[in-house]
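Peer 1: Have a look at this one before I ask anything.
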Amino acid sequence: MVLYKESVIMKQQSRIKFKGTINTYVKWPLWLSVLLAFFNVAMFFVDFKAGLVMLLFLVTYISVALILYYKNKSLIINDLVNFATRYGQVQRQLLRDLEIPYALLDEGGKIIWTNEAFEKTTHIKNGYKKSIMTLLPEIKKEDIPVVEEENEIMITHEGEDFRVNMRKVILNEMMESSDVLETIDTDSYLIAVFMFDETKINTLLRDNDDQKLVVGLIYIDNYDEALESIEEVRRSLLIALIDRKINKYFSSMEALVKKLDKDKYLVIFQKKFLNLLVDRRFDILEDAKTVNIGNEMAVTLSIGIGVETGTYIDNYESARQSIDLALGRGGDQAVVKTKNDVLYYGGKTQVAEKNTRVKARVKAHALREIIESTDKIIVMGHKLTDVDSFGASIGVYRAAKTFGKKTHIVINEVSTSVRPLMDRVLATEEYEQDLFLNGVEALDAADENTVVIVVDTNKPSYTECDELLTKCKTIVVIDHHRQGTEKIENATLSYIEPYASSACEMVAEIIQYISDTMKIKQVEADCIYSGMMIDTNNFLTKTGVRTFEAAAYLRRNGADVTRVRKMFRDSMDDYKVRAEIVRKAEVYANDFAISITPEEIPIESPTIIGAQAANELLNINGIKASFVLTNFQNQIYISARSIDEINVQVIMEKLGGGGHLNIAGAQLSGVTSEEARQMLIDTIDNMIKDGDL
């Protein structure tokens, strides 16, 4: 048996050959014998006897060298094999003792080998052969690198954070340098897994993030109106109670509160408390309304927060932009502006009407200066121009013509509701034939010095021709919709009042102050009056003192109620479609009426019929909000209406739209009517769950 083992070893050793540097080193005595042989030949030419002596020495040297080479070869090979074995064991032990959890997986994610740190971290024993996805459920099958060479994910295991790095180890590359093993499948690979514990790093990062300073601005929306609603001797008490309410609320968050003005506050606190404010949905907004010492009007607040925008100055600037946005949306809400997002909270109550016309007069004078400084003006509203947008455009046109300026109105598509008014205007000889242009014609007519006046929208994507906003330098915005994240950024003059019933009401006020010589035509008065009537649903919703004052001004200038009413009577087909929409409406969650406009019935302006049907649904007892979905030109238009309890604007904002508290809408692309209906229902469910409705 011993002889057999020795013979096997000798056979194995005979198959192994030296190569590289060690082969040269071991064979150098043999290469030296060749050199000695040349010397021996030369010696024979010098002296024959000396050549014989040299030959004897050469034979002896070669014999000894060969004996030593073949005898020591096996010993050297054994030593090298033993060294390689011990070296491999050392490497394996080093991997076993490595403090970083390490494992090898096969292509399917099954564990092949693990070190002690991995076993300790995951509480498994050596020899565990199940899938890593079973051991660490946060690692999914798609996380294991297949095409890419490396993948990295973050997981949480037993309350600790780990960065898991997975790298492909291609077996073919390993075998190319091996004389022992060979792989047949050139695509075979293993996966090396490293788990880096980043719990302490993440904890420190979170602590550092929580300690960042957040800047906030708090404004009292109706300070003057609230004070005027109580007797003078009690006004100081109301102010003190409001101060106390704000200071007490934020003192629980270790915040610094500084009163900047009679109705303005600066608040600074750590970011960790912002999450608390968000979780509580900024309940200070509702809490402030409970301050009542006989004041007829509840106090409302607007809050603007700036966070994660860079320096403290940047945060303050973001807070200022947020408070402007909150006020532009009607107040009674909080706006949080981060580096990449804007979040809205509150805004559930009806916007209080301002009794003073100071702002309207100031804006009118500013608009006059802009008009006088240019030679050409282009007025445009929103896509699918409605009566309010058309009436406001006509009012601005008259203001511009008062100063002798060339004016155009952009309308791409004339709806059935606008056509009667437009026909009356075009039938009057006084108006130019190029008064109305489409988007392409408006771009050709405009230059850098042209003034663009946008009415009835403040979103660039909703305008009839948004390219005009980049082509022209001077832009004016007149709108009554609440501002959202998307807005016209480069407006020279922005007049946005969410409390106004319509853009026509705002324009009617402006033209009263823009010039003492201002005279509007009867047809223009009818157009502006029509916009107010349609947007207020025959003066039933969103009306205030200033709404009726504007209507009275238009009546004095020739607006005829009977004539306007006759223009907007429905055809029998439209009336039947509207009745069908109301008939098919379903009541969801006891409070919401949802209906879809029939697509098989051909009508010219289905979106207008849908809006009218949404108004009709509010006449049903128990309905707090109504939604009508209309498929028109490969888009789903949603008309949303409410009376006072539900803020449909915040619902529509979730779907990418906007509007007012009780009149709003949205446009959805790439979905069917049923899919849009389900999206609406899901949005309502989520908002009810989060307490937003």
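Each chain in the structure tokens gets a letter, A, B, ..., in the order shown, and its residues are numbered from 1; ligands are numbered from 1 in order too.
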Considering only C-alpha atoms, return as a list in words whatever protein or nucleic-acid residues lie within 7 Å of Arg167 (chain A), sequence-local ones (same chain, fewer than 6 positions apart) excluded.
Peer 2: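 Surrounding residues, per the criterion: Glu149, Glu150, Asn151, Ile191, Ala192 and Val193 of chain A.
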Peer 1: Could you list, as a PyMOL selection string, every residue within 8 Å of region 60-66 of chain A, counting only C-alpha atoms and ignoring same-chain residues fewer than 3 positions away?
Peer 2: chain A and resi 29-30+33+56-57+69-70
Peer 1: Using DSSP on the backbone coordinates, identify the residues of region 473-614 of chain A assigned to helix (DSSP H, G or I); present them as a PyMOL selection string.
Peer 2: chain A and resi 503-514+522-535+545-556+561-567+572-583+606-614
Peer 1: Would you please work out which residue, of A:His382, A:Arg583, A:Lys473, A:Lys576, is nearest to Gly439 (chain A) when using only C-alpha atoms?
Peer 2: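 Distance minimum relative to Gly439 (chain A) lands on A:His382.
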Peer 1: Do you know which residues are at most 8 Å from Leu554 (chain A) counting only C-alpha atoms, after dropping those on the same chain fewer than 6 positions away, and could you put them as number ranges by chain?
Peer 2: A: 508, 525-526, 528-529
Peer 1: For region 532-535 of chain A, work out the shell of residues within 9 Å, counting only C-alpha atoms and skipping chain neighbours fewer than 2 positions away, then give it as a PyMOL selection string.
Peer 2: chain A and resi 387-388+391+501-505+527-530+537-542+547+551+663
Peer 1: Contacts of region 632-635 of chain A at 12 Å or less, counting only C-alpha atoms, minus same-chain residues fewer than 2 places along, as a ChimeraX atom specification?
Peer 2: /A:384,596-600,602-610,629-630,637-638,666-673,675-676
Peer 1: For Val440 (chain A), which residue out of A:Ile488, A:Glu524, A:Glu467, A:His365 is the nearest one, using only C-alpha atoms?
Peer 2: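 Closest residue, counting only C-alpha atoms: A:Glu467.
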Peer 1: May I have the residues within 9 Å of region 123-131 of chain A as a compact mmCIF listing (two decimals) with N, CA and C atoms, in the first residue's frame, using only C-alpha atoms and disregarding those fewer than 5 positions away in the same chain?
Peer 2:
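The new file around37.txt reads:
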# COMPACT_ATOMS: atom_id res chain seq x y z
N LEU A 105 -23.03 33.70 -2.90
CA LEU A 105 -24.30 33.18 -3.38
C LEU A 105 -24.11 32.58 -4.76
N GLY A 108 -28.85 32.02 -8.37
CA GLY A 108 -30.24 32.16 -7.94
C GLY A 108 -30.40 32.81 -6.58
N GLY A 109 -29.29 33.15 -5.92
CA GLY A 109 -29.37 33.79 -4.61
C GLY A 109 -29.24 32.82 -3.45
N LYS A 110 -28.96 31.55 -3.73
CA LYS A 110 -28.79 30.58 -2.65
C LYS A 110 -27.41 30.74 -2.02
N ILE A 111 -27.37 30.69 -0.67
CA ILE A 111 -26.12 30.90 0.05
C ILE A 111 -25.22 29.68 -0.08
N ILE A 112 -23.95 29.93 -0.48
CA ILE A 112 -22.96 28.86 -0.63
C ILE A 112 -22.01 28.84 0.56
N TRP A 113 -21.56 30.04 0.96
CA TRP A 113 -20.56 30.12 2.03
C TRP A 113 -20.77 31.42 2.79
N THR A 114 -20.53 31.40 4.09
CA THR A 114 -20.67 32.60 4.93
C THR A 114 -19.50 32.68 5.90
N ASN A 115 -19.19 33.90 6.35
CA ASN A 115 -18.19 34.04 7.39
C ASN A 115 -18.88 34.22 8.75
N GLU A 116 -18.08 34.29 9.80
CA GLU A 116 -18.64 34.32 11.14
C GLU A 116 -19.45 35.59 11.40
N PHE A 118 -21.19 37.31 9.26
CA PHE A 118 -22.49 37.17 8.60
C PHE A 118 -23.41 36.27 9.42
N LEU A 136 -33.14 37.38 4.49
CA LEU A 136 -33.31 38.83 4.56
C LEU A 136 -34.42 39.22 3.57
Peer 1: Which neighbours of Asp283 (chain A) fall inside 10 Å, counting only C-alpha atoms, when residues of the same chain fewer than 4 positions from it are skipped, and could you give them as an MDAnalysis selection string?
Peer 2: chainID A and resid 249 277:279 287:288 333:334 345:346
Peer 1: Please dump the current selection as a PDB file, in the first residue's frame; keep all heavy atoms.
Peer 2:
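The result, stored in again13.pdb:
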ATOM      1  N   TYR A 249     -48.578  77.781  21.244  1.00  0.00           N
ATOM      2  CA  TYR A 249     -48.554  76.629  20.334  1.00  0.00           C
ATOM      3  C   TYR A 249     -47.118  76.285  19.942  1.00  0.00           C
ATOM      4  O   TYR A 249     -46.703  75.127  19.971  1.00  0.00           O
ATOM      5  CB  TYR A 249     -49.386  76.949  19.094  1.00  0.00           C
ATOM      6  CG  TYR A 249     -49.500  75.796  18.113  1.00  0.00           C
ATOM      7  CD1 TYR A 249     -50.456  74.806  18.282  1.00  0.00           C
ATOM      8  CD2 TYR A 249     -48.658  75.704  17.005  1.00  0.00           C
ATOM      9  CE1 TYR A 249     -50.573  73.759  17.387  1.00  0.00           C
ATOM     10  CE2 TYR A 249     -48.764  74.657  16.106  1.00  0.00           C
ATOM     11  CZ  TYR A 249     -49.723  73.688  16.307  1.00  0.00           C
ATOM     12  OH  TYR A 249     -49.822  72.643  15.422  1.00  0.00           O
ATOM     13  N   LEU A 277     -45.745  69.016  13.188  1.00  0.00           N
ATOM     14  CA  LEU A 277     -46.737  69.923  12.607  1.00  0.00           C
ATOM     15  C   LEU A 277     -47.495  69.255  11.463  1.00  0.00           C
ATOM     16  O   LEU A 277     -48.709  69.404  11.337  1.00  0.00           O
ATOM     17  CB  LEU A 277     -46.043  71.186  12.096  1.00  0.00           C
ATOM     18  CG  LEU A 277     -45.676  72.253  13.125  1.00  0.00           C
ATOM     19  CD1 LEU A 277     -44.823  73.338  12.469  1.00  0.00           C
ATOM     20  CD2 LEU A 277     -46.904  72.862  13.749  1.00  0.00           C
ATOM     21  N   VAL A 278     -46.760  68.524  10.628  1.00  0.00           N
ATOM     22  CA  VAL A 278     -47.391  67.843   9.496  1.00  0.00           C
ATOM     23  C   VAL A 278     -48.331  66.743   9.989  1.00  0.00           C
ATOM     24  O   VAL A 278     -49.450  66.595   9.473  1.00  0.00           O
ATOM     25  CB  VAL A 278     -46.310  67.270   8.558  1.00  0.00           C
ATOM     26  CG1 VAL A 278     -46.939  66.378   7.493  1.00  0.00           C
ATOM     27  CG2 VAL A 278     -45.522  68.397   7.902  1.00  0.00           C
ATOM     28  N   ASP A 279     -47.900  65.981  10.983  1.00  0.00           N
ATOM     29  CA  ASP A 279     -48.753  64.924  11.526  1.00  0.00           C
ATOM     30  C   ASP A 279     -50.033  65.489  12.130  1.00  0.00           C
ATOM     31  O   ASP A 279     -51.095  64.861  12.059  1.00  0.00           O
ATOM     32  CB  ASP A 279     -47.993  64.117  12.582  1.00  0.00           C
ATOM     33  CG  ASP A 279     -46.859  63.293  11.988  1.00  0.00           C
ATOM     34  OD1 ASP A 279     -46.909  63.051  10.765  1.00  0.00           O
ATOM     35  OD2 ASP A 279     -45.931  62.921  12.719  1.00  0.00           O
ATOM     36  N   ASP A 287     -57.276  75.948  15.424  1.00  0.00           N
ATOM     37  CA  ASP A 287     -57.245  76.422  16.804  1.00  0.00           C
ATOM     38  C   ASP A 287     -57.404  77.938  16.869  1.00  0.00           C
ATOM     39  O   ASP A 287     -58.034  78.479  17.783  1.00  0.00           O
ATOM     40  CB  ASP A 287     -55.925  75.995  17.455  1.00  0.00           C
ATOM     41  CG  ASP A 287     -56.001  76.020  18.969  1.00  0.00           C
ATOM     42  OD1 ASP A 287     -57.124  75.988  19.500  1.00  0.00           O
ATOM     43  OD2 ASP A 287     -54.935  76.079  19.619  1.00  0.00           O
ATOM     44  N   ALA A 288     -56.821  78.641  15.885  1.00  0.00           N
ATOM     45  CA  ALA A 288     -56.907  80.106  15.888  1.00  0.00           C
ATOM     46  C   ALA A 288     -58.344  80.585  15.719  1.00  0.00           C
ATOM     47  O   ALA A 288     -58.713  81.659  16.218  1.00  0.00           O
ATOM     48  CB  ALA A 288     -56.027  80.676  14.778  1.00  0.00           C
ATOM     49  N   GLN A 333     -54.422  78.599   5.427  1.00  0.00           N
ATOM     50  CA  GLN A 333     -53.733  77.360   5.088  1.00  0.00           C
ATOM     51  C   GLN A 333     -52.234  77.506   5.316  1.00  0.00           C
ATOM     52  O   GLN A 333     -51.731  78.620   5.501  1.00  0.00           O
ATOM     53  CB  GLN A 333     -53.994  76.958   3.644  1.00  0.00           C
ATOM     54  CG  GLN A 333     -53.605  77.996   2.606  1.00  0.00           C
ATOM     55  CD  GLN A 333     -54.203  77.677   1.253  1.00  0.00           C
ATOM     56  OE1 GLN A 333     -53.719  76.802   0.548  1.00  0.00           O
ATOM     57  NE2 GLN A 333     -55.283  78.366   0.904  1.00  0.00           N
ATOM     58  N   ALA A 334     -51.556  76.373   5.324  1.00  0.00           N
ATOM     59  CA  ALA A 334     -50.100  76.339   5.494  1.00  0.00           C
ATOM     60  C   ALA A 334     -49.474  75.796   4.222  1.00  0.00           C
ATOM     61  O   ALA A 334     -49.988  74.844   3.621  1.00  0.00           O
ATOM     62  CB  ALA A 334     -49.712  75.473   6.688  1.00  0.00           C
ATOM     63  N   TYR A 345     -51.506  72.458   3.214  1.00  0.00           N
ATOM     64  CA  TYR A 345     -52.313  71.953   4.323  1.00  0.00           C
ATOM     65  C   TYR A 345     -53.383  72.989   4.659  1.00  0.00           C
ATOM     66  O   TYR A 345     -53.124  74.195   4.640  1.00  0.00           O
ATOM     67  CB  TYR A 345     -51.452  71.684   5.559  1.00  0.00           C
ATOM     68  CG  TYR A 345     -50.326  70.711   5.305  1.00  0.00           C
ATOM     69  CD1 TYR A 345     -49.074  71.167   4.894  1.00  0.00           C
ATOM     70  CD2 TYR A 345     -50.509  69.338   5.437  1.00  0.00           C
ATOM     71  CE1 TYR A 345     -48.041  70.285   4.638  1.00  0.00           C
ATOM     72  CE2 TYR A 345     -49.483  68.447   5.182  1.00  0.00           C
ATOM     73  CZ  TYR A 345     -48.249  68.930   4.783  1.00  0.00           C
ATOM     74  OH  TYR A 345     -47.224  68.052   4.527  1.00  0.00           O
ATOM     75  N   GLY A 346     -54.572  72.497   4.993  1.00  0.00           N
ATOM     76  CA  GLY A 346     -55.657  73.402   5.362  1.00  0.00           C
ATOM     77  C   GLY A 346     -56.363  73.932   4.137  1.00  0.00           C
ATOM     78  O   GLY A 346     -56.510  73.259   3.122  1.00  0.00           O
TER      79      GLY A 346
END
Peer 1: Counting only C-alpha atoms, which residue out of A:Glu228, A:Glu509, A:Asp644, A:Asp570 sits closest to Ala392 (chain A)?
Peer 2: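 Once distances to Ala392 (chain A) are computed over only C-alpha atoms, the minimum belongs to A:Glu509.
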Peer 1: If you measure from CA of Arg368 (chain A) to CA of Ala399 (chain A), what distance in Å do you get, rounded to one decimal?
Peer 2: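 CA of Arg368 (chain A) sits 8.4 Å away from CA of Ala399 (chain A).
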Peer 1: Using only C-alpha atoms for the distances, tell me which of A:Val451, A:Ile371, A:Ala500, A:Ile242 is nearest to His481 (chain A).
Peer 2: A:Ala500
Peer 1: How many Å separate CA of Met297 (chain A) from CA of Ser251 (chain A)?
Peer 2: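 It comes out at 26.4 Å.
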Peer 1: When DSSP works through the backbone of this structure, what residues of region 549-671 of chain A end up as strand (DSSP E), shown as a ChimeraX atom specification?
Peer 2: /A:586-588,592-596,625-632,635-642,658-659,663-669
Peer 1: Could you jot down the CA of Leu285 (chain A) to CA of Leu680 (chain A) separation for me, Å, one decimal place?
Peer 2: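 According to the coordinates, CA of Leu285 (chain A) and CA of Leu680 (chain A) are separated by 26.6 Å.
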